[in-house]
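Enquirer: Okay, so here is data-v4.txt, and as you'll see once you scroll down, it has compact mmCIF, C-alpha atoms.
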```
# COMPACT_ATOMS: atom_id res chain seq x y z
CA MET A 1339 -9.92 23.89 -9.70
CA PRO A 1340 -11.33 22.85 -13.11
CA LEU A 1341 -7.97 23.74 -14.65
CA ILE A 1342 -6.12 21.65 -12.07
CA LEU A 1343 -8.43 18.74 -12.90
CA VAL A 1344 -7.74 19.15 -16.63
CA GLY A 1345 -3.99 19.46 -16.00
CA GLY A 1346 -4.13 16.32 -13.86
CA LEU A 1347 -6.07 14.54 -16.60
CA ILE A 1348 -3.42 15.30 -19.23
CA PHE A 1349 -0.65 14.43 -16.76
CA GLY A 1350 -2.26 11.09 -15.87
CA PHE A 1351 -3.11 10.29 -19.48
CA GLY A 1352 0.53 10.93 -20.41
CA LEU A 1353 1.77 8.64 -17.63
CA ALA A 1354 -0.58 5.88 -18.79
CA TYR A 1355 0.20 6.41 -22.48
CA SER A 1356 3.95 6.20 -21.82
CA HIS A 1357 3.35 2.99 -19.79
CA MET A 1358 5.02 4.56 -16.74
CA ALA A 1359 1.93 3.44 -14.80
CA ARG A 1360 3.21 -0.12 -15.26
CA PRO A 1361 5.88 -0.98 -12.66
CA GLU A 1362 7.30 -3.62 -15.02
CA VAL A 1363 8.25 -0.97 -17.59
CA VAL A 1364 10.01 1.15 -14.96
CA LEU A 1365 11.88 -1.91 -13.68
CA ASP A 1366 12.88 -2.75 -17.28
CA PHE A 1367 14.47 0.68 -17.47
CA LEU A 1368 16.32 0.32 -14.17
CA GLN A 1369 17.62 -3.08 -15.32
CA PHE A 1370 18.76 -1.56 -18.64
CA ASP A 1371 16.30 -3.59 -20.74
CA ASP A 1372 14.42 -0.59 -22.14
CA PHE A 1373 15.66 3.00 -21.98
CA GLY A 1374 12.29 4.52 -22.92
CA LEU A 1375 11.83 6.16 -19.50
CA LEU A 1376 14.56 8.66 -20.36
CA PHE A 1377 12.33 10.02 -23.12
CA VAL A 1378 9.43 10.39 -20.73
CA MET A 1379 11.31 12.24 -18.02
CA PHE A 1380 13.37 14.48 -20.26
CA GLY A 1381 10.51 15.03 -22.71
CA ALA A 1382 8.35 16.25 -19.85
CA ALA A 1383 11.18 18.34 -18.35
CA VAL A 1384 11.88 20.03 -21.69
CA VAL A 1385 8.22 21.00 -22.12
CA SER A 1386 7.96 22.34 -18.56
CA GLY A 1387 11.39 23.97 -18.90
CA ILE A 1388 10.28 26.00 -21.93
CA ALA A 1389 7.11 27.11 -20.13
CA PHE A 1390 9.00 27.98 -16.92
CA TRP A 1391 11.49 30.02 -18.92
CA VAL A 1392 9.13 31.82 -21.31
CA THR A 1393 6.06 32.55 -19.15
CA PRO A 1394 7.66 34.82 -16.51
CA ARG A 1395 9.13 36.90 -19.37
CA LEU A 1396 5.70 37.45 -20.95
CA ARG A 1397 3.62 38.25 -17.90
CA GLU A 1398 4.03 38.69 -14.21
CA LEU A 1399 0.99 37.18 -12.51
CA ALA A 1400 -0.95 33.97 -13.05
CA PRO A 1401 -4.51 34.80 -14.18
CA LEU A 1402 -6.35 32.42 -11.83
CA THR A 1403 -4.45 32.88 -8.57
CA GLY A 1404 -2.63 36.19 -8.95
CA ASP A 1405 0.57 34.44 -7.88
CA THR A 1406 3.89 35.48 -9.39
CA TYR A 1407 5.38 33.07 -11.87
CA GLY A 1408 8.52 31.48 -10.50
CA ARG A 1409 10.61 28.39 -10.90
CA ARG A 1410 10.51 25.34 -8.70
CA LEU A 1411 13.58 25.91 -6.57
CA LYS A 1412 14.20 24.16 -3.29
CA SER A 1413 17.10 24.67 -0.96
CA PHE A 1414 19.84 22.08 -1.06
CA ASP A 1415 20.97 20.22 2.04
CA ARG A 1416 21.99 16.75 3.16
CA ASN A 1417 18.34 15.67 3.23
CA VAL A 1418 18.10 15.85 -0.55
CA LEU A 1419 20.78 13.16 -0.76
CA ILE A 1420 19.45 11.03 2.11
CA GLY A 1421 15.85 11.28 0.95
CA GLY A 1422 16.83 10.72 -2.66
CA ALA A 1423 18.69 7.54 -1.68
CA ILE A 1424 15.73 6.22 0.36
CA PHE A 1425 13.40 7.08 -2.51
CA GLY A 1426 15.76 5.28 -4.89
CA VAL A 1427 15.65 2.08 -2.83
CA GLY A 1428 11.84 2.16 -2.90
CA TRP A 1429 11.67 3.02 -6.59
CA GLY A 1430 14.14 0.30 -7.52
CA LEU A 1431 12.35 -2.29 -5.40
CA SER A 1432 8.80 -1.55 -6.55
CA GLY A 1433 9.06 0.33 -9.86
CA ILE A 1434 6.56 2.80 -8.44
CA CYS A 1435 6.65 6.53 -7.71
CA PRO A 1436 3.78 8.72 -6.46
CA GLY A 1437 2.39 10.14 -9.74
CA ALA A 1438 2.69 6.84 -11.57
CA ALA A 1439 1.02 4.99 -8.68
CA TYR A 1440 -2.12 7.14 -8.93
CA ALA A 1441 -2.13 6.71 -12.71
CA SER A 1442 -1.70 2.97 -12.21
CA LEU A 1443 -4.90 2.87 -10.18
CA GLY A 1444 -6.56 4.65 -13.11
CA ILE A 1445 -5.57 1.94 -15.60
CA GLY A 1446 -7.32 -0.59 -13.39
CA ASN A 1447 -4.29 -1.91 -11.55
CA VAL A 1448 -5.87 -2.64 -8.15
CA THR A 1449 -2.73 -4.47 -7.00
CA ILE A 1450 -1.05 -1.05 -6.84
CA LEU A 1451 -3.08 -0.27 -3.70
CA TRP A 1452 -0.31 -2.11 -1.82
CA ALA A 1453 2.15 0.54 -2.98
CA ILE A 1454 -0.23 3.42 -2.24
CA VAL A 1455 -0.86 2.11 1.29
CA GLY A 1456 2.91 1.79 1.71
CA MET A 1457 3.53 5.36 0.53
CA PHE A 1458 0.98 6.79 2.95
CA ALA A 1459 2.45 4.72 5.79
CA GLY A 1460 5.96 5.97 4.95
CA ALA A 1461 4.88 9.61 4.69
CA TYR A 1462 2.96 9.25 7.98
CA LEU A 1463 5.93 7.75 9.84
CA GLN A 1464 8.22 10.47 8.53
CA GLY A 1465 5.72 13.20 9.42
CA VAL A 1466 5.16 11.98 12.97
CA TRP A 1467 8.88 11.64 13.52
CA ARG A 1468 9.54 15.15 12.18
CA SER A 1469 6.70 16.69 14.19
CA GLN A 1470 7.99 15.12 17.40
CA ARG A 1471 11.54 16.21 16.74
CA ALA A 1472 10.36 19.74 16.02
CA SER A 1473 8.49 19.95 19.33
CA SER A 1474 11.34 18.45 21.39
CA GLU A 1475 13.73 20.98 19.86
CA THR A 1476 11.65 23.95 20.98
CA THR A 1477 10.84 22.87 24.56
CA PRO A 1478 14.29 22.39 26.22
CA SER A 1479 15.43 25.89 25.23
CA SER A 1480 14.11 27.21 28.56
CA ALA A 1481 16.99 25.44 30.33
CA ASP A 1482 19.49 28.26 29.82
CA MET B 494 12.26 -5.16 -41.96
CA HIS B 495 16.03 -4.70 -41.92
CA LEU B 496 17.56 -1.88 -40.00
CA PRO B 497 20.84 -0.46 -41.22
CA LEU B 498 23.61 -2.20 -39.27
CA GLN B 499 24.73 0.83 -37.28
CA LEU B 500 21.15 1.44 -36.05
CA ALA B 501 20.59 -2.07 -34.76
CA PRO B 502 22.27 -1.55 -31.34
CA LEU B 503 20.13 1.56 -30.87
CA ALA B 504 16.98 -0.47 -31.49
CA ASP B 505 18.12 -2.92 -28.82
CA LEU B 506 18.00 -0.12 -26.28
CA PHE B 507 14.37 0.61 -27.16
CA PRO B 508 12.60 -2.71 -27.77
CA ASN B 509 9.21 -0.98 -27.64
CA GLY B 510 10.21 1.96 -29.83
CA ILE B 511 10.44 5.52 -28.59
CA SER B 512 7.26 7.24 -29.80
CA ARG B 513 5.13 5.88 -26.95
CA TYR B 514 7.60 7.26 -24.41
CA ALA B 515 8.25 10.56 -26.16
CA ILE B 516 4.55 11.35 -26.73
CA GLY B 517 3.64 10.30 -23.19
CA GLY B 518 6.44 12.45 -21.78
CA LEU B 519 5.34 15.49 -23.77
CA LEU B 520 1.79 15.03 -22.42
CA VAL B 521 3.05 14.74 -18.84
CA GLY B 522 4.93 18.02 -19.37
CA LEU B 523 1.87 19.65 -20.96
CA GLY B 524 -0.28 18.67 -17.97
CA ALA B 525 2.18 20.35 -15.61
CA VAL B 526 2.40 23.39 -17.91
CA ALA B 527 -1.40 23.80 -18.11
CA ILE B 528 -1.54 24.08 -14.31
CA TYR B 529 1.48 26.38 -14.22
CA LEU B 530 0.11 28.79 -16.85
CA GLY B 531 -3.17 29.24 -15.03
CA THR B 532 -2.01 29.23 -11.43
CA GLY B 533 1.76 29.69 -11.24
CA ILE B 534 1.99 26.37 -9.37
CA ALA B 535 4.87 24.03 -10.26
CA ALA B 536 3.03 20.85 -9.37
CA GLY B 537 4.46 17.67 -7.91
CA ALA B 538 2.59 14.50 -7.05
CA SER B 539 4.17 13.46 -3.75
CA THR B 540 3.07 16.28 -1.41
CA PHE B 541 -0.43 14.81 -1.85
CA LEU B 542 0.61 12.18 0.69
CA GLU B 543 1.22 14.72 3.46
CA SER B 544 -1.48 17.18 2.46
CA THR B 545 -4.10 14.41 2.46
CA LEU B 546 -2.90 13.15 5.84
CA SER B 547 -3.68 16.64 7.18
CA TYR B 548 -7.40 15.76 6.92
CA VAL B 549 -6.99 13.00 9.48
CA SER B 550 -3.94 13.95 11.59
CA ASP B 551 -3.23 17.02 13.71
CA GLN B 552 0.55 16.55 13.56
CA SER B 553 2.24 19.87 12.79
CA GLN B 554 4.19 18.32 9.92
CA PHE B 555 0.97 17.59 8.02
CA GLN B 556 -0.95 20.72 8.99
CA GLN B 557 1.55 22.96 7.15
CA TYR B 558 0.14 21.62 3.86
CA ARG B 559 -3.46 22.41 4.80
CA ALA B 560 -3.76 25.31 2.35
CA SER B 561 -2.92 23.20 -0.67
CA ARG B 562 -4.68 19.97 0.29
CA ASP B 563 -7.91 20.57 -1.65
CA TRP B 564 -6.32 21.27 -5.02
CA ARG B 565 -3.89 18.39 -4.50
CA VAL B 566 -6.83 16.00 -4.15
CA VAL B 567 -8.28 17.40 -7.39
CA PHE B 568 -4.90 17.03 -9.14
CA THR B 569 -4.61 13.40 -8.02
CA LEU B 570 -8.19 12.61 -9.07
CA GLY B 571 -7.31 14.12 -12.45
CA ILE B 572 -4.28 11.81 -12.75
CA ILE B 573 -6.43 8.77 -11.98
CA LEU B 574 -9.18 9.84 -14.41
CA GLY B 575 -6.71 10.68 -17.19
CA ALA B 576 -5.13 7.26 -16.87
CA ALA B 577 -8.61 5.70 -16.84
CA VAL B 578 -9.42 7.43 -20.14
CA TYR B 579 -6.32 5.84 -21.62
CA ALA B 580 -7.31 2.44 -20.22
CA VAL B 581 -10.80 2.60 -21.69
CA VAL B 582 -9.94 4.07 -25.09
CA TRP B 583 -6.51 2.57 -25.94
CA GLN B 584 -5.69 -0.19 -23.52
CA GLY B 585 -8.98 -2.04 -23.91
CA GLY B 586 -9.84 -2.48 -20.23
CA ALA B 587 -8.06 -2.90 -16.93
CA TRP B 588 -4.44 -3.98 -16.64
CA THR B 589 -2.86 -5.36 -13.47
CA THR B 590 0.76 -5.75 -12.50
CA ASP B 591 2.55 -9.02 -11.82
CA VAL B 592 5.04 -7.36 -9.48
CA GLN B 593 4.64 -9.05 -6.11
CA PRO B 594 2.59 -7.24 -3.45
CA TRP B 595 5.42 -7.30 -0.86
CA ARG B 596 7.69 -5.43 -3.28
CA LEU B 597 4.99 -2.83 -3.86
CA LEU B 598 4.27 -2.44 -0.14
CA VAL B 599 7.86 -2.29 1.10
CA GLY B 600 8.93 -0.18 -1.87
CA GLY B 601 5.98 2.12 -1.22
CA VAL B 602 7.07 2.71 2.39
CA PHE B 603 10.59 3.67 1.24
CA VAL B 604 9.14 5.92 -1.47
CA GLY B 605 6.83 7.54 1.08
CA ILE B 606 9.69 8.29 3.51
CA GLY B 607 12.26 9.18 0.86
CA THR B 608 10.15 11.60 -1.09
CA ARG B 609 9.30 13.53 2.09
CA VAL B 610 12.87 13.66 3.41
CA GLY B 611 14.24 14.47 -0.05
CA LYS B 612 11.72 17.25 -0.84
CA GLY B 613 10.25 15.74 -3.98
CA CYS B 614 9.69 12.84 -6.31
CA THR B 615 9.96 11.99 -9.99
CA SER B 616 7.38 14.62 -10.95
CA GLY B 617 8.35 17.42 -8.54
CA HIS B 618 12.13 17.08 -8.90
CA GLY B 619 12.21 15.17 -12.18
CA VAL B 620 9.77 17.19 -14.27
CA CYS B 621 9.20 20.60 -12.65
CA GLY B 622 12.53 20.85 -10.82
CA VAL B 623 14.72 19.79 -13.74
CA GLY B 624 12.56 22.01 -15.96
CA SER B 625 13.40 24.88 -13.61
CA ALA B 626 17.11 24.04 -13.96
CA SER B 627 17.16 23.69 -10.17
CA LYS B 628 20.51 22.33 -8.96
CA THR B 629 18.83 20.77 -5.93
CA SER B 630 16.43 18.85 -8.16
CA ILE B 631 19.14 17.72 -10.58
CA VAL B 632 21.19 16.36 -7.68
CA GLY B 633 18.04 14.73 -6.27
CA VAL B 634 17.23 13.04 -9.58
CA VAL B 635 20.78 11.78 -10.12
CA THR B 636 20.80 10.40 -6.55
CA PHE B 637 17.55 8.49 -6.76
CA LEU B 638 18.21 7.26 -10.30
CA ALA B 639 21.60 5.85 -9.32
CA VAL B 640 20.31 4.18 -6.14
CA ALA B 641 17.23 2.83 -7.93
CA ILE B 642 19.36 1.27 -10.67
CA VAL B 643 21.63 -0.42 -8.13
CA THR B 644 18.59 -1.63 -6.13
CA ALA B 645 16.74 -2.99 -9.16
CA GLN B 646 19.87 -4.78 -10.42
CA LEU B 647 20.46 -6.33 -6.98
CA VAL B 648 16.87 -7.48 -6.63
CA SER B 649 16.98 -8.98 -10.10
CA ALA B 650 20.37 -10.63 -9.42
CA LEU B 651 18.85 -12.24 -6.32
CA GLY B 652 16.36 -13.88 -8.65
CA VAL B 653 13.27 -11.94 -7.55
CA SER B 654 10.95 -11.72 -10.54
CA PRO B 655 8.64 -10.15 -11.21
```
Would you mind giving the structure from this file in structure tokens?
Expert:
Amino acid sequence: MPLILVGGLIFGFGLAYSHMARPEVVLDFLQFDDFGLLFVMFGAAVVSGIAFWVTPRLRELAPLTGDTYGRRLKSFDRNVLIGGAIFGVGWGLSGICPGAAYASLGIGNVTILWAIVGMFAGAYLQGVWRSQRASSETTPSSAD
Amino acid sequence: MHLPLQLAPLADLFPNGISRYAIGGLLVGLGAVAIYLGTGIAAGASTFLESTLSYVSDQSQFQQYRASRDWRVVFTLGIILGAAVYAVVWQGGAWTTDVQPWRLLVGGVFVGIGTRVGKGCTSGHGVCGVGSASKTSIVGVVTFLAVAIVTAQLVSALGVSP
């Protein structure tokens, strides 16, 4: 847990330092006024990419959890495209994504609570809808 | 200061320079790497939404994230604190956005739904997923980048600012 806190600290400091915690700067990127965001995303991905590539070759298990080192791989399906598009509409409208929203609160941006409330509402709606669909899919199977 | 002619268009693309973005990006990556080295977890920020909802809702969709909900709260608190350190030391106090509340709220709802349907956000797909050379994440990032650009251009063309 202390390590996760420290990792979060560096992560949040980096988001604030890069000004990604300011929706205006993200919107400037999406409107082609300032391409700096590319350096943030790819800079971060390169650093994590090196670690994700090198670490599993040096040792097998993580010291604190005993978990095997792996990559972040998720299965591909239509939802990645649909969800990505919905996310894109929200990101383009507000200039805010989850990590940057929490960092934005940290830099004193209380107005961002609107976005955080919105994100929780969206995740809640999606979760309730999915839970209900999952239960209605399992019950009618007794019909045959 | 005069830039050589051929560099001038490049400077137009980065009116605020690149060091702020590059250094910030490296730190974001280092934060994710610190957690990965110790725990093997490839962290993303958006699952916090569902895992935190598991404290207050019994819906099956949220309960599946029960095991990770405590460390996700710690991770998010870390993000807030890290940004607060920046605000106190470099920024010289609080900063607030001029983007209108309705944009933040409505955009937030779309982000909340989209990130859950699409299995990740800018940190999960964008940083850890792309860093893992995951095809799913690369497709996810290209999709939301393209749609976000179109959306932001449309909103701006309609005269909504900020």
Enquirer: Taking the point (-8.7, 15.8, -2.1) as given in the file, collect each protein or nucleic acid residue that comes within 12 Å of it, counting all atoms listed in the file, and present the set as a VMD selection string.
Expert: (chain A and resid 1339 1342 to 1343) or (chain B and resid 540 to 548 559 to 571)
Enquirer: Give me the residues near Trp1429 (chain A) as an MDAnalysis selection string, where near means some atom within 7 Å (using only C-alpha atoms) and where sequence neighbours in that chain fewer than 4 positions away do not count.
Expert: (chainID A and resid 1425 1433:1435) or (chainID B and resid 600 604 641)
Enquirer: If I take CA of Ser1386 (chain A) and CA of Gly522 (chain B), how far is one from the other in Å, to one decimal?
Expert: 5.3 Å
Enquirer: Of the candidates B:Lys628, B:Trp588, B:Val610, B:Leu647, which shows the shortest atom-to-atom distance to Pro1361 (chain A), using all atoms listed in the file?
Expert: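 Under the stated criterion, the closest residue is B:Trp588.
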Enquirer: I need every residue sitting at most 12 Å from the point (16.4, 14.6, -5.4) (coordinates as in the file, all atoms listed in the file considered), written as a PDB file with C-alpha atoms, in the coordinates of the input.
Expert:
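Result file follows (point-v3.pdb):
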```pdb
ATOM      1  CA  LEU A1411      13.580  25.910  -6.570  1.00  0.00           C
ATOM      2  CA  LYS A1412      14.200  24.160  -3.290  1.00  0.00           C
ATOM      3  CA  SER A1413      17.100  24.670  -0.960  1.00  0.00           C
ATOM      4  CA  PHE A1414      19.840  22.080  -1.060  1.00  0.00           C
ATOM      5  CA  ASP A1415      20.970  20.220   2.040  1.00  0.00           C
ATOM      6  CA  ARG A1416      21.990  16.750   3.160  1.00  0.00           C
ATOM      7  CA  ASN A1417      18.340  15.670   3.230  1.00  0.00           C
ATOM      8  CA  VAL A1418      18.100  15.850  -0.550  1.00  0.00           C
ATOM      9  CA  LEU A1419      20.780  13.160  -0.760  1.00  0.00           C
ATOM     10  CA  ILE A1420      19.450  11.030   2.110  1.00  0.00           C
ATOM     11  CA  GLY A1421      15.850  11.280   0.950  1.00  0.00           C
ATOM     12  CA  GLY A1422      16.830  10.720  -2.660  1.00  0.00           C
ATOM     13  CA  ALA A1423      18.690   7.540  -1.680  1.00  0.00           C
ATOM     14  CA  ILE A1424      15.730   6.220   0.360  1.00  0.00           C
ATOM     15  CA  PHE A1425      13.400   7.080  -2.510  1.00  0.00           C
ATOM     16  CA  GLY A1426      15.760   5.280  -4.890  1.00  0.00           C
TER      17      GLY A1426
ATOM     18  CA  VAL B 604       9.140   5.920  -1.470  1.00  0.00           C
ATOM     19  CA  GLY B 607      12.260   9.180   0.860  1.00  0.00           C
ATOM     20  CA  THR B 608      10.150  11.600  -1.090  1.00  0.00           C
ATOM     21  CA  ARG B 609       9.300  13.530   2.090  1.00  0.00           C
ATOM     22  CA  VAL B 610      12.870  13.660   3.410  1.00  0.00           C
ATOM     23  CA  GLY B 611      14.240  14.470  -0.050  1.00  0.00           C
ATOM     24  CA  LYS B 612      11.720  17.250  -0.840  1.00  0.00           C
ATOM     25  CA  GLY B 613      10.250  15.740  -3.980  1.00  0.00           C
ATOM     26  CA  CYS B 614       9.690  12.840  -6.310  1.00  0.00           C
ATOM     27  CA  THR B 615       9.960  11.990  -9.990  1.00  0.00           C
ATOM     28  CA  SER B 616       7.380  14.620 -10.950  1.00  0.00           C
ATOM     29  CA  GLY B 617       8.350  17.420  -8.540  1.00  0.00           C
ATOM     30  CA  HIS B 618      12.130  17.080  -8.900  1.00  0.00           C
ATOM     31  CA  GLY B 619      12.210  15.170 -12.180  1.00  0.00           C
ATOM     32  CA  VAL B 620       9.770  17.190 -14.270  1.00  0.00           C
ATOM     33  CA  CYS B 621       9.200  20.600 -12.650  1.00  0.00           C
ATOM     34  CA  GLY B 622      12.530  20.850 -10.820  1.00  0.00           C
ATOM     35  CA  VAL B 623      14.720  19.790 -13.740  1.00  0.00           C
ATOM     36  CA  SER B 627      17.160  23.690 -10.170  1.00  0.00           C
ATOM     37  CA  LYS B 628      20.510  22.330  -8.960  1.00  0.00           C
ATOM     38  CA  THR B 629      18.830  20.770  -5.930  1.00  0.00           C
ATOM     39  CA  SER B 630      16.430  18.850  -8.160  1.00  0.00           C
ATOM     40  CA  ILE B 631      19.140  17.720 -10.580  1.00  0.00           C
ATOM     41  CA  VAL B 632      21.190  16.360  -7.680  1.00  0.00           C
ATOM     42  CA  GLY B 633      18.040  14.730  -6.270  1.00  0.00           C
ATOM     43  CA  VAL B 634      17.230  13.040  -9.580  1.00  0.00           C
ATOM     44  CA  VAL B 635      20.780  11.780 -10.120  1.00  0.00           C
ATOM     45  CA  THR B 636      20.800  10.400  -6.550  1.00  0.00           C
ATOM     46  CA  PHE B 637      17.550   8.490  -6.760  1.00  0.00           C
ATOM     47  CA  LEU B 638      18.210   7.260 -10.300  1.00  0.00           C
ATOM     48  CA  ALA B 639      21.600   5.850  -9.320  1.00  0.00           C
ATOM     49  CA  VAL B 640      20.310   4.180  -6.140  1.00  0.00           C
TER      50      VAL B 640
END
```
